[in-house]
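Input: a single structure, listed below in structure tokens.
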Amino acid sequence: MSQSFDASRSLAALEQDNTIIAVIEMSKAKWLVAALVPGLKRQPLKKLDANAPALLKLLQRWRDEAGRAGHPIKRIAVAYEAAGDGFWLARWLRAHDIEAYAIHPASVAVSREHRRAKTDRLDTELLMRAFLGWLRGEKRHCTMAAIPTNEEEDARRPSRERETLVGEKTRLVNRIKAILSRFGIRSLRLSLRQAADRLEAIRTAEGTPLPDNTRAELHRFLERLSLVRAQIRAIEQERERRLAAAAAADNGPHAMVRLIARIIGIGVETADMLVNEILSRGLRDRRAVARYAGLTGSPDESGKRRREKGLARTGNARVRRGMI
């Protein structure tokens with residue numbers, strides 16, 4: 001574990017006689033844990049409640065069983081698919097001296113049959129084969145996700161929240177415009193602070209006031225729009241405050257944001273997104289940056305056929321949109 005991390009393969013030699021290898025198929029309520037335990041002829045398969053201490057207790061029990069079978073355990077490696085549960089379990093296991101990895105789901109090869117059997121048991125077998133190949137140092141079995149710290153994950157929240165709020169603002173504006181268009185109204189400027197007050201005086205194409213239910217609905221939409229705009233403004237002001245407070249720093253993410261924002265055509269929002277999403281990850285070269293953003297090619301070659309299908313569009317879509 002003292003060697004550098006390679007997402008495509010393990011750099012540490014695998015000694016299977018003293019290593020417990022486990023994979024977890026996770027859901028919101030239950031976890032199915034499969035393992036290879038030295039000294040045991042069976043391959044243990046245990047369903048647990050979604051509970052980290054129960055998982056740790058199970059791993060310790062398998063360690064004791066392997067020790068009684070004459071195989072003292074020096075290493076426990078656990079992997080699961082990176083999904084909605086995030087990386088908290090990997091951080092928690094590492095804090096308890098257990099190797100933990102999060103597998104990119106799209107990097108695991110699956111059967112291309114139109115209708116294939118899919119159960120939690122079969123998924124653990126698939127993950128185990130991919131994880132074993134990765135631990136042996138063989139490439140193209142699967143790819144591991146880098147486990148971020150709590151601070152790194154927290155630094156991404158403002159930019160991601162703002163992106164969500166901007167999308168919500170656009171949705172509300174389009175909905176209000178669609179309602180007004182049904183009455184032939186195209187003159188109301190939603191960017192004005194007094195837009196809600198002008199609903200009373202506005203007239204339809206027939207010269208009549210807006211119907212009561214429609215006017216009440218528009219008032220509610222405008223209230224939501226005002227709240228979303230206030231939240232976007234609060235996020236931007238807090239970011240400006242943090243950047244100003246760290247103005248004296250010569251390095252770090254805030255200094256990097258200020259440096260990138262000096263480039264013509266790149267604003268603070270894009271610079272903040274690029275720094276927290278990709279530039280702070282310590283990728284080893286430009287190719288790794290392009291792969292993470294999905295900006296690599298996707299050639300399709302078979303026999304005499306040679307064609308390029310364009311950008312792969314894998315990885316982080318936020319980074320790809322910002323870089324393009």
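In the structure tokens, each chain is lettered A, B, ... as it comes, each chain's residues begin at 1, and ligands are numbered from 1 in order of appearance.
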
Quick check for you: according to DSSP on this backbone, which residues of segment 12-105 of chain A are classed as helix (DSSP H, G or I)? Reply as a ChimeraX atom specification. /A:16-18,52-68,88-95,105

If we count only C-alpha atoms, what is near segment 31-43 of chain A at a cut-off of 12 Å, once residues fewer than 4 positions away on the same chain are taken out, given as JSON, numbers by chain? {"A": [15, 16, 17, 18, 19, 20, 21, 22, 23, 24, 25, 26, 27, 47, 48, 49, 50, 51, 52, 54, 55, 56, 58, 59, 60, 61, 62, 63, 64, 65, 66, 67, 68, 69, 70, 71, 72, 73, 74, 75, 76, 77, 78, 79, 80, 81, 85, 119, 120, 121, 122, 123, 124, 125, 126, 127, 128, 129, 131, 132]}

Residues within 12 Å of Trp88 of chain A, only C-alpha atoms, excluding chain neighbours under 5 positions, as a PyMOL selection string: chain A and resi 52+80+82-83+93-95+100-102+147-150+153

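Restricting the calculation to only C-alpha atoms, the smallest distance between Glu217 of chain A and any of A:Arg136, A:Lys309, A:Arg175, A:Arg281 is found for A:Arg175.
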
Work out how far apart atom CA of His141 of chain A and atom CA of Glu99 of chain A are and give it in Å to one decimal. 18.4 Å

Within 10 Å of Gly310 of chain A, counting only C-alpha atoms, which residues qualify if same-chain residues fewer than 5 places away don't, as a ChimeraX atom specification? /A:295-300

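If you look at atom CA of Ser107 of chain A and atom CA of Ser8 of chain A, they are 9.6 Å away from each other.
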